[in-house]
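Here is the structure we will look at, set down as structure tokens.
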Amino acid sequence: MAFRTKNLFEKTTKLVRSYSSDKIYTHMSLTLNEQTGIATLELAKPPVNSMSFGFLSQLAAAVQQSEADKYKGLIITSRSSGVFSAGLDLKELHHPDSDRILNYLRRLQDVWFQLYDCSTPTAAVINGHSIAGGCLLALSCEYRVMVNSFKIGMNEALVGVPVSPMFIACMQSVIGQWEAEKALLVGRLFTSEEALGVGLVDEVVGGKSEGVCKAEGYLAGFREVSARARGLSKRYLRQEVVRDLVRRREEDVKKLVEIISSRGVQDSLGEHLERMKNKK
Ligand SMILES: CCCCC/C=C\CCC/C=C/CC(=O)SCCNC(=O)CCNC(=O)[C@H](O)C(C)(C)COP(=O)(O)OP(=O)(O)OC[C@H]1O[C@@H](n2cnc3c(N)ncnc32)[C@H](O)[C@@H]1OP(=O)(O)O
């Protein structure tokens with residue numbers, strides 16, 4: 001089979017360089033199957049694929065690449081066998097520099113808009129725990145296959161930070177208002193099986209390769225469909241959520257910076273980081 005592993009940054013060097021101070025293409029790899037036209041984006045930032053500034057920049061470049069090259073599909077998964085993504089990098093949020101946190105949250109918004117609103121068909125193979133921002137990443141894709149025995153959800157309530165409008169909108173659009181409210185207000189993490197029950201994921205499988213097959217099956221379903229019509233329909237279906245968040249994006253970012261910088265939230269973040277350190 002003809003596989004081409006693309007160093008994303010060959011084509012997007014300019015973009016990535018202007019976005020990121022991290023070393024080029026260190027946190028993920030993009031592999032295109034030239035026979036199917038489906039690319040796999042494998043997150044590879046040990047130990048937990050936390051979303052640092054550089055990670056978000058590379059994710060943005062990957063999504064941009066899939067749009068520019070008109071991939072038939074994009075599968076997002078993790079190279080780790082235990083963690084899909086632990087979400088936002090807590091070190092970016094703890095004692096942040098005011099300019100950096102502003103730019104970090106703007107970057108997060110940009111990536112989310114790019115992924116959520118992209119016309120490329122997308123699927124997530126969640127082969128490990130998927131927490132908060134990790135859950136957002138999976139929810140922004142169209143289809144989710146989850147490997148059993150892991151946890152997924154938005155735990156902000158337990159971390160002591162508010163769930164931001166972008167995260168809420170995504171959760172609501174997939175599992176509905178009431179289930180989202182019940183989950184988000186207590187920071188519930190669902191097991192794979194519970195996630196299936198509530199509609200947070202579409203399928204549960206025994207392992208990553210089975211998950212990739214299921215995701216490819218979903219994406220192959222569009223073979224006979226006009227890519228242009230499909231892409232436009234997806235945008236129309238998602239436009240209400242996007243429009244609202246675009247309209248209020250600067251207001252949301254500034255408010256969040258204010259909240260994150262507050263003493264109470266910083267104390268909670270510090271305690272959460274301490275708990276993680278002490279769990280060993
Ligand atoms: C308007 C636009 C705005 C958008 C909104 C923006 C902000 C809104 C406000 C804030 C919102 C935040 C959303 C988030 O995503 S916050 C992140 C929440 N995530 C977590 O709490 C995850 C915590 N991690 C875990 O539960 C576990 O690590 C695990 C993922 C289940 C994996 O467990 P395990 O395999 O046992 O690994 P360890 O726990 O031992 O961790 C290894 C290593 O990694 C460090 N680490 C874990 N998670 C993070 C993280 N999110 N960020 C940074 N670092 C992390 C952990 O401390 C260990 O480090 P050491 O080996 O050095 O001890």
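In the structure tokens, chains take letters A, B, ... by order of appearance, with residues numbered from 1 within each chain and ligands from 1 in the order shown.
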
Using only C-alpha atoms and all ligand atoms, what table do you get, as a Markdown table, when you list each residue of chain A with an atom no more than 7 Å from ligand 1, its nearest pair of atoms, and their distance in Å rounded to one decimal, rows by chain then rising number?
| residue | atom | partner | partner_atom_place_in_ligand_line | distance |
| --- | --- | --- | --- | --- |
| A:Pro47 | CA | ligand 1 | 44 (O) | 5.5 |
| A:Val48 | CA | ligand 1 | 44 (O) | 5.5 |
| A:Ser50 | CA | ligand 1 | 52 (N) | 5.0 |
| A:Gly82 | CA | ligand 1 | 35 (O) | 6.3 |
| A:Val83 | CA | ligand 1 | 30 (C) | 5.9 |
| A:Ser85 | CA | ligand 1 | 30 (C) | 6.4 |
| A:Ala86 | CA | ligand 1 | 30 (C) | 4.1 |
| A:Gly87 | CA | ligand 1 | 15 (O) | 3.7 |
| A:Leu88 | CA | ligand 1 | 15 (O) | 3.7 |
| A:Asp89 | CA | ligand 1 | 52 (N) | 3.5 |
| A:Leu90 | CA | ligand 1 | 52 (N) | 3.9 |
| A:Lys91 | CA | ligand 1 | 53 (C) | 5.5 |
| A:Leu105 | CA | ligand 1 | 3 (C) | 5.0 |
| A:Arg106 | CA | ligand 1 | 2 (C) | 6.3 |
| A:Leu108 | CA | ligand 1 | 4 (C) | 6.1 |
| A:Gln109 | CA | ligand 1 | 2 (C) | 5.1 |
| A:His129 | CA | ligand 1 | 31 (C) | 5.6 |
| A:Ser130 | CA | ligand 1 | 30 (C) | 6.9 |
| A:Ile131 | CA | ligand 1 | 19 (N) | 5.3 |
| A:Ala132 | CA | ligand 1 | 15 (O) | 4.1 |
| A:Gly133 | CA | ligand 1 | 15 (O) | 3.7 |
| A:Gly134 | CA | ligand 1 | 15 (O) | 6.6 |
| A:Asn155 | CA | ligand 1 | 18 (C) | 6.3 |
| A:Glu156 | CA | ligand 1 | 13 (C) | 6.0 |
| A:Val159 | CA | ligand 1 | 21 (O) | 6.2 |
| A:Val161 | CA | ligand 1 | 10 (C) | 5.5 |
| A:Pro162 | CA | ligand 1 | 9 (C) | 5.8 |
| A:Val163 | CA | ligand 1 | 8 (C) | 6.1 |
| A:Ser164 | CA | ligand 1 | 5 (C) | 5.0 |
| A:Met166 | CA | ligand 1 | 4 (C) | 6.2 |
| A:Arg249 | CA | ligand 1 | 1 (C) | 5.9 |
| A:Asp252 | CA | ligand 1 | 1 (C) | 4.6 |
| A:Val253 | CA | ligand 1 | 1 (C) | 4.1 |
| A:Leu256 | CA | ligand 1 | 8 (C) | 6.3 |
| A:Ile260 | CA | ligand 1 | 9 (C) | 6.6 |
| A:Leu273 | CA | ligand 1 | 57 (O) | 6.2 |
| A:Met276 | CA | ligand 1 | 57 (O) | 5.2 |
| A:Lys277 | CA | ligand 1 | 63 (O) | 4.7 |
| A:Lys280 | CA | ligand 1 | 40 (O) | 6.9 |

Would you export the selected residues with C-alpha atoms as a PDB file, in the first residue's frame, please?
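The resulting file, result-v7.pdb, is shown below:
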ATOM      1  CA  PRO A  47       3.488  12.070  28.137  1.00  0.00           C
ATOM      2  CA  VAL A  48      -0.147  13.191  27.724  1.00  0.00           C
ATOM      3  CA  SER A  50      -1.158  18.403  26.603  1.00  0.00           C
ATOM      4  CA  GLY A  82      -3.162   5.458  27.294  1.00  0.00           C
ATOM      5  CA  VAL A  83      -3.940   9.093  26.600  1.00  0.00           C
ATOM      6  CA  SER A  85      -5.146  14.198  25.197  1.00  0.00           C
ATOM      7  CA  ALA A  86      -5.078  15.628  28.737  1.00  0.00           C
ATOM      8  CA  GLY A  87      -6.404  18.927  27.377  1.00  0.00           C
ATOM      9  CA  LEU A  88      -4.958  22.380  27.734  1.00  0.00           C
ATOM     10  CA  ASP A  89      -1.464  22.529  29.090  1.00  0.00           C
ATOM     11  CA  LEU A  90      -2.033  23.452  32.719  1.00  0.00           C
ATOM     12  CA  LYS A  91       1.402  25.039  32.803  1.00  0.00           C
ATOM     13  CA  LEU A 105      -6.401  31.510  24.208  1.00  0.00           C
ATOM     14  CA  ARG A 106      -6.654  33.244  20.829  1.00  0.00           C
ATOM     15  CA  LEU A 108      -6.972  27.880  20.899  1.00  0.00           C
ATOM     16  CA  GLN A 109      -9.961  29.690  19.435  1.00  0.00           C
ATOM     17  CA  HIS A 129      -8.201   9.302  28.192  1.00  0.00           C
ATOM     18  CA  SER A 130      -9.601  12.456  26.667  1.00  0.00           C
ATOM     19  CA  ILE A 131      -9.967  15.242  29.172  1.00  0.00           C
ATOM     20  CA  ALA A 132     -11.353  18.804  28.852  1.00  0.00           C
ATOM     21  CA  GLY A 133      -9.538  20.294  25.809  1.00  0.00           C
ATOM     22  CA  GLY A 134      -8.934  16.700  24.655  1.00  0.00           C
ATOM     23  CA  ASN A 155     -13.476  18.199  34.217  1.00  0.00           C
ATOM     24  CA  GLU A 156     -13.173  21.976  34.548  1.00  0.00           C
ATOM     25  CA  VAL A 159     -10.048  21.816  38.320  1.00  0.00           C
ATOM     26  CA  VAL A 161     -11.949  26.795  36.230  1.00  0.00           C
ATOM     27  CA  PRO A 162     -15.121  27.745  34.350  1.00  0.00           C
ATOM     28  CA  VAL A 163     -16.169  25.801  31.286  1.00  0.00           C
ATOM     29  CA  SER A 164     -15.771  28.241  28.429  1.00  0.00           C
ATOM     30  CA  MET A 166     -16.709  27.139  23.125  1.00  0.00           C
ATOM     31  CA  ARG A 249     -14.618  35.822  20.568  1.00  0.00           C
ATOM     32  CA  ASP A 252     -14.789  35.760  25.671  1.00  0.00           C
ATOM     33  CA  VAL A 253     -11.000  35.766  25.562  1.00  0.00           C
ATOM     34  CA  LEU A 256     -11.353  34.306  30.445  1.00  0.00           C
ATOM     35  CA  ILE A 260      -7.879  32.636  34.845  1.00  0.00           C
ATOM     36  CA  LEU A 273      -1.128  20.495  39.636  1.00  0.00           C
ATOM     37  CA  MET A 276      -1.196  15.329  39.955  1.00  0.00           C
ATOM     38  CA  LYS A 277       2.386  15.530  41.183  1.00  0.00           C
ATOM     39  CA  LYS A 280       2.657   8.944  42.177  1.00  0.00           C
TER      40      LYS A 280
END

For this session: Just the residues within 12 Å of Glu240 (chain A), please, counting only C-alpha atoms, with nothing from its chain fewer than 4 positions along; format it as a list in words.
Result: Tyr116, Asp117, Ala169, Cys170, Ser173, Lys234, Arg235, Tyr236, Asp244, Leu245, Val246 and Arg247 of chain A

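Within 9 Å of Ser78 (chain A), once only C-alpha atoms are used and residues closer than 5 positions along the same chain are dropped, the contacting residues are A:Met28, A:Leu41, A:Glu42, A:Leu43, A:Ala44, A:Lys45, A:Asn49, A:Val83, A:Phe84, A:Ser85, A:Val125, A:Ile126, A:Asn127, A:Gly128.
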
Problem set entry | Selection near Leu139 (chain A), 8 Å with only C-alpha atoms, sequence-local residues under 4 positions removed, as a PyMOL selection string | chain A and resi 135+144+170-171+174+200

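The shortest atom-to-atom distance to Val186 (chain A), with only C-alpha atoms taken into account, belongs to A:Met154 out of A:Val205, A:Leu269, A:Met154, A:Pro165.
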
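For the pair CA of Ser192 (chain A) and CA of Gly221 (chain A), the separation is 24.1 Å.
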
Exercise. From the list A:Leu102, A:Ile38, A:Met51, A:Val257, which residue is nearest Lys70 (chain A) when using only C-alpha atoms?
Worked result: A:Ile38

Problem set entry | Long-range neighbours of region 193-199 of chain A as a list of chain:residue names, 10 Å cut-off, only C-alpha atoms, 2 positions minimum in chain | A:Arg144, A:Val145, A:Met146, A:Val147, A:Asn148, A:Ser149, A:Phe150, A:Lys151, A:Ile152, A:Gly153, A:Val174, A:Ile175, A:Gly176, A:Glu179, A:Ala180, A:Leu189, A:Phe190, A:Thr191, A:Val201, A:Asp202, A:Glu203, A:Val204, A:Val205

For this session: Could you find all residues in region 40-70 of chain A that DSSP calls alpha helix (DSSP H) from the backbone, and write them as a PyMOL selection string?
Result: chain A and resi 53-68

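Shortest separation to Thr122 (chain A) among A:Val242, A:Ala61, A:Ala138, A:Ala227 occurs at residue A:Ala138, atoms counted being only C-alpha atoms.
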
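Counting only C-alpha atoms and comparing A:Gln58, A:Asn103, A:Ser52, A:Thr31, the residue that lies closest to Leu74 (chain A) is A:Thr31.
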
Problem set entry | Sel. of strand (DSSP E or B) residues, region 6-162 of chain A, as an MDAnalysis selection string | chainID A and resid 6 28:33 38:43 51 73:78 83:85 88 122:126 129:131 143:147 151:153

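In this model, the gap between CA of Ile101 (chain A) and CA of Ser80 (chain A) comes to 27.3 Å.
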
For this session: Would you list the contacts of region 62-68 of chain A as an MDAnalysis selection string, taking every protein, DNA or RNA residue within 8 Å and counting only C-alpha atoms, but skipping same-chain residues closer than 3 positions in sequence?
Result: chainID A and resid 8 12 30 39 41 58:59 71 73:74 114:115 118:120
